[in-house]
Protein chains: 2
Amino acid sequence: MIQKLIENIKMTNAPIVAGLDPMLRYIPEQIQKAAFAEYGETLEGAAEAVWQYNKKIVDAVYDLIPAVKPQIAMYEQFGLPGLAVFKKTVDYCKEKGLVVIGDVKRGDIGSTSAAYATAHLGRVQVGSQMLTPFGEDFATVNPYLGTDGIKPFLEVCREEKKGIFILVKTSNPSSGEFQDRRIAGTADSEENSLTQIAGDDRADGKPLYEIVGEKVAEWAASCMGDTYSYVGAVVGATYPEMGKVLRRVMPKSFILVPGYGAQGGKAEDLVHYFNEDGLGAIVNSSRGIIAAYKQEKYASFGAEHFAEASRAAVVDMIEDINRALEQRG
Amino acid sequence: MIQKLIENIKMTNAPIVAGLDPMLRYIPEQIQKAAFAEYGETLEGAAEAVWQYNKKIVDAVYDLIPAVKPQIAMYEQFGLPGLAVFKKTVDYCKEKGLVVIGDVKRGDIGSTSAAYATAHLGRVQVGSQMLTPFGEDFATVNPYLGTDGIKPFLEVCREEKKGIFILVKTSNPSSGEFQDRRIAGTADSEENSLTQIAGDDRADGKPLYEIVGEKVAEWAASCMGDTYSYVGAVVGATYPEMGKVLRRVMPKSFILVPGYGAQGGKAEDLVHYFNEDGLGAIVNSSRGIIAAYKQEKYASFGAEHFAEASRAAVVDMIEDINRALEQRG
C-alpha cells in the first residue's frame, strides 16, 4: 500500500492528505436539516449529515489528492451510526481510488494490539471465512507501550501489504510534556552527531521523540516496500526543527505531517520533512479543507457551495507546498 | 462514578474487575455453532457468539464483583456488529449494577480528544437533543500526547461524574522501552526521596513512568470525588516495585492493575498497590475469569458449564487477593 501511496502522490503531484474530521458545526445547515428531517435529531440523523457532507467533499476533491485521513473519533462520537458512516466513508474513498489512512491512534499490547490491527488493516477469521472489519489502508498507532504494541501491527502490515504511521512528535502545544523529555545516558558522541539541533545543548541526552524515532527506523527496516517502508511516522508541522532531525533519523519512513494551516504550520517549514527524491512526507489538512467555506478567503462560495470551496482550498494547498518544495535550497 | 466504584467494592468486598475480552477461540463451540446457524459465518455471527458468551458470564458473576472492563479492541475486530455488541454489553452490565470501565486506550488532542471523551463518557449534542454514544462509566486513556490530550477528558469527567484511568506503567514485557527511560535533570534531592527504589541508582533521573505518574497526580487533584479522584492510573501487576513507588506518587488515584494471573502477577505483589484504607486499587483478570474452563484447575466444569467455571475463578481470585491484603505487614 506504500507503493500505491507513492504512485498516487506522483500521479497527482500533491503530497497532501485531506483530513475527513467532520464536526456537526462545520456541516452547512441545509444538510443537517435534511438529515434530521429524515432521521430525526438522533445519532442516525447526525451520522447521515456527516455522510452527505463527506460524500460531497470527496466528490469535489478526489481527483486532486492521493489520500484521505478520516479521524475515527469524529465518527465514534456519534456511536454506532457514526462508526457505520466511518466505514461507509472508507469504502467510498477506496472506490474513488484514494488511499485511506485511518486516524485511529490505537495502541495496546499482544492479542489486544493484534485485534486492533485486524480491525483496521486486516481480516478476521470467523469459522471458515476471512472477513474485513473496517479495511483502511493505513492506521495511526501510539507507541507508548513499546514493541509489544507495534509487533502485531507489523505482522498484519506484512501479510496484507498495509501500513502504519507511528506517533513520534505530535503537533499540539503540550506534546513536549513527555515527548521532549531528555533521556539520560543517550548524549550524542561526536561520531553520532546526526541529530544536532542548532543552539540546542544535547549534553543531557536525546529527547524521547528521537528515541521513539530510532525505534520507528528499526521497525521500518523490518517492513520494507520497494523504496520506502510500510512503517511511517507522525511528526507535527508545528515543530520544524524536530522534523528536520527526525527526517534523518527515519530515512525510509514516510512522515505524515499534521498541523499545517489551521494549527500554524507553514509550507516553508515543511520542506525539511521531505527527502531529496521529493517524497517521504504527506501533509495533512483537515479543517482547512473540509470547512474552507468558513474561512474569509473562501467565504464567497457560501455554505451552499462548500464542496467547491474545499476544492479551491486543496488547489491552493498543493500550490503552496509545491512552491515551497521548488524553492528549497 | 468513583463513589459508585468504591461503594460497589465495599459491598462485594472484592477489589477486582472482570475483563470482558472475548476471543472467538475462548467461546465454547456450542455457542459459536448456534450463532453461525442463525447469522452465518459473518461478522454478525461472530458478534452474536460474543454476546451470548458475555451474557452468560455476566449473569454468573455480577453479584460477586464491583466492575467489568470490556476491551473494545476485541469487539472492534468484528467491525460494526462487534461494536454493537460492545454497546450491548456496556448497557447490560450497567443494568446489572456493575461499574463499566471501557478499556479503549484512546488518546488524541483538542477537539479530537473531546470527541473520544464524548463518545465514551459523555453526551453529544444533535440539534436540540443530548445523546449518549457508548456511555461507559470509566475509560482508559493514553498520555503520550500530554495535557492537551487529557484536559478534554477531565472536562467531561467533571460534567458527567465519570472517570478515567491513564496509562502510566503497562504490564507488558517491552513496556520499559520508553516508559522506564530515565529523564535527565530529574534526579531526586534528599528531601524528595519518596520514590527511592531499593538497590536502584536514581542519580540519572526519574523514569518516564514516574514523571507521567506525577502528572496524573496533578490532574487527579483537579478532579476530586469525596476521597478519591475521578482520575486513576493503569499500573501493571508485573512490576510490583514500580507499583509501590507509583502508589505514593499518586495517593488520590485508584490504580487499575492489569497483569494478574495469566500474565504472571501474584496477589502478594499487589498489596502495595492499595492504600492503608484497603482501597485505591482494582485488580483486573480477563482470560483467567472468562476462559477459566480452559484451565486445568477448572476443567472439570467442561465447556458446557463455562460460566460456572468463571464464577469459581472469581471466588478464588477474591479469596487470593483478600488473603494477601490481610497478611500484609
# chains A, B, ... in the order shown; residues from 1 in each chain; ligands from 1
$ residues_around --residues "segment 82-92 of chain B" --least-positions-apart "2" --cutoff "10 Å" --atoms "only C-alpha atoms" --output "ChimeraX atom specification"
/A:79-81,83,119,133 /B:20,43-52,54-55,58-59,68-80,94-102,133-137
$ write_last_selection --atoms "C-alpha atoms" --output "PDB file, in the first residue's frame"
ATOM      1  CA  GLY A  79     -21.898   5.998  18.415  1.00  0.00           C
ATOM      2  CA  LEU A  80     -22.720   3.046  16.172  1.00  0.00           C
ATOM      3  CA  PRO A  81     -24.387   5.113  13.431  1.00  0.00           C
ATOM      4  CA  LEU A  83     -18.988   4.325  13.004  1.00  0.00           C
ATOM      5  CA  ALA A 119      -9.956  -4.403  12.939  1.00  0.00           C
ATOM      6  CA  PRO A 133     -13.905  -5.371   9.617  1.00  0.00           C
TER       7      PRO A 133
ATOM      8  CA  LEU B  20     -14.603  -8.960  29.176  1.00  0.00           C
ATOM      9  CA  LEU B  43     -19.291 -10.577  11.485  1.00  0.00           C
ATOM     10  CA  GLU B  44     -22.870 -10.656  12.795  1.00  0.00           C
ATOM     11  CA  GLY B  45     -22.482 -14.342  13.609  1.00  0.00           C
ATOM     12  CA  ALA B  46     -19.226 -13.772  15.463  1.00  0.00           C
ATOM     13  CA  ALA B  47     -20.700 -10.814  17.331  1.00  0.00           C
ATOM     14  CA  GLU B  48     -23.744 -12.841  18.351  1.00  0.00           C
ATOM     15  CA  ALA B  49     -21.457 -15.579  19.716  1.00  0.00           C
ATOM     16  CA  VAL B  50     -19.556 -12.949  21.722  1.00  0.00           C
ATOM     17  CA  TRP B  51     -22.805 -11.556  23.088  1.00  0.00           C
ATOM     18  CA  GLN B  52     -24.181 -14.929  24.201  1.00  0.00           C
ATOM     19  CA  ASN B  54     -20.608 -12.379  27.613  1.00  0.00           C
ATOM     20  CA  LYS B  55     -24.182 -12.510  28.829  1.00  0.00           C
ATOM     21  CA  VAL B  58     -22.044 -11.629  33.435  1.00  0.00           C
ATOM     22  CA  ASP B  59     -25.131 -13.474  34.708  1.00  0.00           C
ATOM     23  CA  VAL B  68     -16.248  -5.100  34.456  1.00  0.00           C
ATOM     24  CA  LYS B  69     -13.747  -3.937  31.873  1.00  0.00           C
ATOM     25  CA  PRO B  70     -14.687  -4.732  28.292  1.00  0.00           C
ATOM     26  CA  GLN B  71     -11.676  -4.358  25.969  1.00  0.00           C
ATOM     27  CA  ILE B  72     -13.070  -2.600  22.902  1.00  0.00           C
ATOM     28  CA  ALA B  73     -10.402  -3.983  20.529  1.00  0.00           C
ATOM     29  CA  MET B  74     -11.906  -7.446  20.918  1.00  0.00           C
ATOM     30  CA  TYR B  75     -15.227  -6.076  19.630  1.00  0.00           C
ATOM     31  CA  GLU B  76     -13.746  -3.697  17.053  1.00  0.00           C
ATOM     32  CA  GLN B  77     -12.139  -6.677  15.325  1.00  0.00           C
ATOM     33  CA  PHE B  78     -15.660  -7.803  14.373  1.00  0.00           C
ATOM     34  CA  GLY B  79     -16.428  -4.433  12.791  1.00  0.00           C
ATOM     35  CA  LEU B  80     -19.761  -2.726  13.283  1.00  0.00           C
ATOM     36  CA  LYS B  94     -24.923  -1.205  33.810  1.00  0.00           C
ATOM     37  CA  GLU B  95     -28.412  -2.680  34.198  1.00  0.00           C
ATOM     38  CA  LYS B  96     -26.859  -5.290  36.473  1.00  0.00           C
ATOM     39  CA  GLY B  97     -25.448  -2.541  38.706  1.00  0.00           C
ATOM     40  CA  LEU B  98     -21.850  -3.022  37.598  1.00  0.00           C
ATOM     41  CA  VAL B  99     -19.419  -0.169  37.015  1.00  0.00           C
ATOM     42  CA  VAL B 100     -18.218  -0.359  33.408  1.00  0.00           C
ATOM     43  CA  ILE B 101     -14.632   0.537  32.563  1.00  0.00           C
ATOM     44  CA  GLY B 102     -14.279   0.906  28.799  1.00  0.00           C
ATOM     45  CA  PRO B 133     -22.987   7.359  22.193  1.00  0.00           C
ATOM     46  CA  PHE B 134     -21.427   4.472  24.204  1.00  0.00           C
ATOM     47  CA  GLY B 135     -21.930   5.508  27.814  1.00  0.00           C
ATOM     48  CA  GLU B 136     -19.223   3.706  29.780  1.00  0.00           C
ATOM     49  CA  ASP B 137     -18.541   4.870  33.367  1.00  0.00           C
TER      50      ASP B 137
END
$ interface_residues --of "chain B" --to "chain A" --cutoff "7 Å" --atoms "only C-alpha atoms" --output "NGL selection string"
:B and (41-42 or 46 or 73-74 or 76-80 or 84 or 105-107 or 109 or 112 or 115-116 or 118-119 or 124 or 126-127 or 129 or 133-134 or 144-148 or 170 or 172 or 174-175 or 177-178 or 181-184 or 204)
$ closest_residue --among "A:Gly265, A:Pro251, A:Pro15, A:Pro22" --to "Met224 of chain A" --atoms "only C-alpha atoms"
A:Pro251
$ atom_distance --atom1 "atom CA of Arg287 of chain B" --atom2 "atom CA of Ile9 of chain B"
21.1 Å
$ residues_around --residues "segment 304-317 of chain A" --least-positions-apart "2" --cutoff "7 Å" --atoms "only C-alpha atoms" --output "short mmCIF file (atom, residue, chain, number, x, y, z; two decimals) with N, CA and C atoms, in the first residue's frame"
data_model
loop_
_atom_site.label_atom_id
_atom_site.label_comp_id
_atom_site.auth_asym_id
_atom_site.auth_seq_id
_atom_site.Cartn_x
_atom_site.Cartn_y
_atom_site.Cartn_z
N LYS A 56 -19.95 14.77 -0.55
CA LYS A 56 -19.83 15.92 -1.45
C LYS A 56 -18.39 16.44 -1.50
N ILE A 57 -17.72 16.42 -0.36
CA ILE A 57 -16.33 16.88 -0.35
C ILE A 57 -15.44 15.91 -1.13
N ALA A 60 -15.77 16.28 -4.73
CA ALA A 60 -15.21 17.54 -5.23
C ALA A 60 -13.69 17.54 -5.30
N VAL A 61 -13.02 16.67 -4.53
CA VAL A 61 -11.56 16.78 -4.46
C VAL A 61 -10.79 15.51 -4.82
N ILE A 289 -9.41 22.28 4.79
CA ILE A 289 -10.04 21.81 3.55
C ILE A 289 -11.55 21.64 3.73
N ILE A 290 -11.94 20.84 4.73
CA ILE A 290 -13.37 20.47 4.76
C ILE A 290 -14.27 21.62 5.21
N ALA A 292 -13.43 24.85 4.57
CA ALA A 292 -12.85 26.02 3.88
C ALA A 292 -13.86 27.15 3.73
N TYR A 293 -15.10 26.80 3.46
CA TYR A 293 -16.11 27.84 3.20
C TYR A 293 -16.33 28.76 4.39
N TYR A 298 -12.42 31.97 1.45
CA TYR A 298 -13.31 31.21 0.57
C TYR A 298 -14.79 31.49 0.85
N PHE A 301 -17.85 31.51 -1.67
CA PHE A 301 -18.54 30.30 -2.14
C PHE A 301 -19.89 30.12 -1.44
N GLY A 302 -19.94 30.55 -0.18
CA GLY A 302 -21.18 30.38 0.59
C GLY A 302 -21.34 28.95 1.05
N GLU A 319 -0.47 24.04 -4.36
CA GLU A 319 0.38 25.07 -4.94
C GLU A 319 1.37 25.59 -3.90
N ASP A 320 0.86 25.86 -2.71
CA ASP A 320 1.67 26.39 -1.61
C ASP A 320 2.82 25.45 -1.28
N ILE A 321 2.52 24.18 -1.17
CA ILE A 321 3.56 23.22 -0.78
C ILE A 321 4.53 22.97 -1.94
#
$ select_by_dssp --residues "segment 15-46 of chain B" --states "strand (DSSP E or B)" --output "ChimeraX atom specification"
/B:16-20
$ write_last_selection --atoms "N, CA, C and O atoms" --output "tab-separated table (two decimals), in the first residue's frame"
chain	number	residue	atom	x	y	z
B	16	ILE	N	-11.82	-6.23	42.61
B	16	ILE	CA	-11.42	-6.84	41.34
B	16	ILE	C	-12.35	-6.40	40.21
B	16	ILE	O	-13.45	-5.91	40.45
B	17	VAL	N	-11.87	-6.60	39.02
B	17	VAL	CA	-12.67	-6.28	37.84
B	17	VAL	C	-12.50	-7.43	36.84
B	17	VAL	O	-11.39	-7.96	36.67
B	18	ALA	N	-13.61	-7.82	36.25
B	18	ALA	CA	-13.57	-8.90	35.26
B	18	ALA	C	-13.39	-8.30	33.87
B	18	ALA	O	-14.21	-7.50	33.43
B	19	GLY	N	-12.33	-8.68	33.20
B	19	GLY	CA	-12.05	-8.18	31.85
B	19	GLY	C	-12.84	-8.96	30.82
B	19	GLY	O	-12.59	-10.14	30.62
B	20	LEU	N	-13.78	-8.29	30.20
B	20	LEU	CA	-14.60	-8.96	29.18
B	20	LEU	C	-13.93	-8.78	27.81
B	20	LEU	O	-14.27	-7.89	27.04
